[in-house]
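**Q** CSV, C-alpha atoms, file structure-v8.csv:
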chain,number,residue,atom,x,y,z
A,1,MET,CA,-1.6,4.8,20.4
A,2,LYS,CA,1.8,6.5,20.5
A,3,ILE,CA,4.0,6.1,17.4
A,4,ASP,CA,7.6,6.9,17.1
A,5,VAL,CA,8.2,7.5,13.4
A,6,LYS,CA,11.8,8.6,14.0
A,7,HIS,CA,12.6,5.2,15.7
A,8,ILE,CA,10.9,3.3,12.9
A,9,ALA,CA,12.8,5.3,10.3
A,10,GLU,CA,16.1,4.6,12.1
A,11,LEU,CA,15.3,0.8,12.2
A,12,SER,CA,14.6,1.0,8.5
A,13,LYS,CA,17.8,2.9,7.8
A,14,ILE,CA,15.8,5.9,6.4
A,15,THR,CA,16.9,9.4,7.1
A,16,LEU,CA,14.0,11.8,7.6
A,17,LYS,CA,14.2,15.5,8.0
A,18,LYS,CA,12.3,17.3,10.8
A,19,GLU,CA,9.7,18.5,8.4
A,20,GLU,CA,9.1,14.9,7.2
A,21,LEU,CA,8.8,13.6,10.8
A,22,ASP,CA,6.3,16.4,11.5
A,23,ARG,CA,4.3,15.4,8.5
A,24,PHE,CA,4.5,11.6,8.7
A,25,THR,CA,3.8,11.2,12.4
A,26,PRO,CA,0.2,12.3,12.3
A,27,GLU,CA,-0.3,10.4,9.0
A,28,MET,CA,1.0,7.2,10.6
A,29,LYS,CA,-1.2,7.7,13.6
A,30,THR,CA,-4.3,8.1,11.3
A,31,ILE,CA,-3.4,4.9,9.5
A,32,LEU,CA,-2.9,2.9,12.8
A,33,ASP,CA,-6.1,4.4,14.2
A,34,SER,CA,-8.0,3.3,11.1
A,35,VAL,CA,-6.6,-0.3,11.4
A,36,THR,CA,-7.5,-0.4,15.1
A,37,ILE,CA,-11.1,0.1,14.2
A,38,LEU,CA,-11.1,-3.3,12.4
A,39,LYS,CA,-10.4,-5.1,15.7
A,40,ASP,CA,-14.0,-4.2,16.8
A,41,ILE,CA,-15.7,-5.7,13.7
A,42,ASN,CA,-17.1,-9.2,14.1
A,43,THR,CA,-15.8,-11.3,11.3
A,44,ASP,CA,-16.7,-14.8,12.6
A,45,ASN,CA,-19.1,-15.7,9.8
A,46,VAL,CA,-17.3,-13.7,7.0
A,47,GLN,CA,-15.8,-15.7,4.2
A,48,ALA,CA,-12.2,-14.7,3.1
A,49,ALA,CA,-12.3,-12.6,-0.1
A,50,LYS,CA,-10.2,-14.5,-2.5
A,51,ARG,CA,-10.6,-15.6,-6.1
A,52,HIS,CA,-8.6,-18.4,-7.6
A,53,ILE,CA,-7.9,-18.1,-11.3
A,54,PRO,CA,-7.6,-21.4,-13.1
A,55,PHE,CA,-4.6,-21.8,-15.4
A,56,SER,CA,-7.0,-22.2,-18.3
A,57,GLU,CA,-7.9,-18.5,-17.9
A,58,LEU,CA,-4.3,-17.2,-18.1
A,59,ARG,CA,-2.9,-15.9,-21.3
A,60,GLU,CA,-0.3,-17.9,-23.1
A,61,ASP,CA,3.2,-17.0,-22.1
A,62,ILE,CA,5.0,-16.1,-25.4
A,63,PRO,CA,8.8,-15.5,-25.0
A,64,LYS,CA,10.1,-12.4,-26.8
A,65,ASP,CA,13.5,-10.8,-27.1
A,66,SER,CA,14.2,-8.3,-24.2
A,67,LEU,CA,16.1,-5.1,-24.3
A,68,SER,CA,19.9,-5.3,-24.2
A,69,GLN,CA,21.6,-4.1,-21.1
A,70,GLU,CA,23.0,-1.2,-23.1
A,71,ASP,CA,19.5,-0.1,-24.2
A,72,VAL,CA,18.2,-0.3,-20.6
A,73,LEU,CA,21.0,1.7,-19.2
A,74,LYS,CA,21.3,4.4,-21.9
A,75,ASN,CA,18.7,6.8,-20.3
A,76,ALA,CA,19.5,6.0,-16.7
A,77,LYS,CA,20.9,9.0,-14.8
A,78,TYR,CA,22.7,6.9,-12.2
A,79,LYS,CA,24.3,3.5,-12.9
A,80,GLU,CA,26.3,1.1,-10.8
A,81,ASN,CA,27.7,-2.3,-11.6
A,82,GLY,CA,25.7,-2.6,-14.8
A,83,CYS,CA,22.4,-1.8,-13.0
A,84,ILE,CA,20.2,1.3,-12.6
A,85,LYS,CA,20.8,3.0,-9.3
A,86,VAL,CA,17.4,4.0,-7.9
A,87,TYR,CA,16.9,6.3,-5.0
A,88,GLY,CA,14.0,8.4,-3.8
A,89,ARG,CA,12.4,9.9,-0.7
A,90,ILE,CA,12.5,6.5,1.1
A,91,PHE,CA,16.2,5.8,0.6
A,92,GLY,CA,17.6,9.4,0.6
A,93,ASP,CA,19.3,11.4,-2.1
A,94,ILE,CA,21.7,9.7,-4.5
A,95,GLU,CA,24.6,11.8,-3.2
A,96,GLU,CA,24.2,10.2,0.2
A,97,SER,CA,25.1,6.7,-1.0
Would it be possible to restate this file's structure as structure tokens?
**A**
Amino acid sequence: MKIDVKHIAELSKITLKKEELDRFTPEMKTILDSVTILKDINTDNVQAAKRHIPFSELREDIPKDSLSQEDVLKNAKYKENGCIKVYGRIFGDIEES
């Protein structure tokens, strides 16, 4: 299966460097090849794996005071409109925004 990671990144509005494209393309192919194997497995008589948890097993929800906005933001390196501005490899560098 041919995969165009560059095209997927562009659709996702993610900027990838050539080194990242070179690394992610074979990784994505491996993932898709692994998933393709699942199509050959007969699951006709296999029950879905799910477990319902009754409400009686849940812990009691006890409201508590939360942190103030000032406390939350005091250690954030980047802030915008009273929120923490988060970036990383997926979204690009903070300076690009």
**Q** Tell me which protein, DNA and RNA residues are within 8 Å of range 2-13 of chain A, counting all atoms listed in the file, leaving out same-chain ones fewer than 4 positions away, and put them as JSON, numbers by chain.
**A** {"A": [21, 24, 25, 28, 29, 91]}
**Q** Could you tell me how far CA of Leu16 in chain A sits from CA of Tyr78 in chain A, in Å to one decimal place?
**A** 22.2 Å
**Q** Between CA of Val46 in chain A and CA of Leu58 in chain A, what is the spacing in Å?
**A** 28.5 Å
**Q** Would you please work out which residue, of A:Ile37, A:Lys64, A:Gln69, A:Arg51, is nearest to Asn81 in chain A when using all atoms listed in the file?
**A** A:Gln69
**Q** For range 29-81 of chain A, write C-alpha atoms out as a compact mmCIF listing (two decimals), in the first residue's frame.
**A**
# COMPACT_ATOMS: atom_id res chain seq x y z
CA LYS A 29 3.50 1.89 6.18
CA THR A 30 4.32 -0.58 8.97
CA ILE A 31 1.22 0.48 10.92
CA LEU A 32 -1.06 0.18 7.89
CA ASP A 33 0.44 -3.19 6.92
CA SER A 34 -0.22 -4.42 10.47
CA VAL A 35 -3.85 -3.32 10.30
CA THR A 36 -4.27 -4.93 6.87
CA ILE A 37 -3.44 -8.30 8.42
CA LEU A 38 -6.59 -8.00 10.54
CA LYS A 39 -8.79 -8.17 7.43
CA ASP A 40 -7.74 -11.80 6.93
CA ILE A 41 -8.83 -12.90 10.42
CA ASN A 42 -12.22 -14.57 10.69
CA THR A 43 -14.15 -12.82 13.47
CA ASP A 44 -17.63 -14.20 12.68
CA ASN A 45 -18.09 -15.91 16.06
CA VAL A 46 -16.03 -13.53 18.18
CA GLN A 47 -17.85 -11.53 20.80
CA ALA A 48 -16.95 -7.83 21.04
CA ALA A 49 -14.58 -7.14 23.93
CA LYS A 50 -16.36 -4.66 26.13
CA ARG A 51 -17.15 -4.39 29.78
CA HIS A 52 -19.90 -2.23 31.14
CA ILE A 53 -19.28 -0.74 34.56
CA PRO A 54 -22.41 -0.28 36.64
CA PHE A 55 -22.85 3.09 38.31
CA SER A 56 -22.73 1.33 41.67
CA GLU A 57 -19.03 0.54 41.06
CA LEU A 58 -18.06 4.16 40.40
CA ARG A 59 -16.53 6.28 43.13
CA GLU A 60 -18.55 9.14 44.57
CA ASP A 61 -17.97 12.41 42.78
CA ILE A 62 -16.90 14.88 45.46
CA PRO A 63 -16.57 18.48 44.25
CA LYS A 64 -13.47 20.33 45.40
CA ASP A 65 -12.07 23.79 44.84
CA SER A 66 -9.97 24.03 41.69
CA LEU A 67 -6.87 26.06 41.03
CA SER A 68 -7.33 29.70 40.21
CA GLN A 69 -6.56 30.79 36.67
CA GLU A 70 -3.58 32.74 38.01
CA ASP A 71 -2.16 29.59 39.67
CA VAL A 72 -2.64 27.54 36.52
CA LEU A 73 -0.93 30.10 34.30
CA LYS A 74 1.95 31.09 36.59
CA ASN A 75 4.34 28.37 35.32
CA ALA A 76 3.20 28.34 31.69
CA LYS A 77 5.90 29.46 29.29
CA TYR A 78 3.41 30.59 26.63
CA LYS A 79 -0.01 32.10 27.34
CA GLU A 80 -2.72 33.54 25.13
CA ASN A 81 -6.17 34.92 26.03
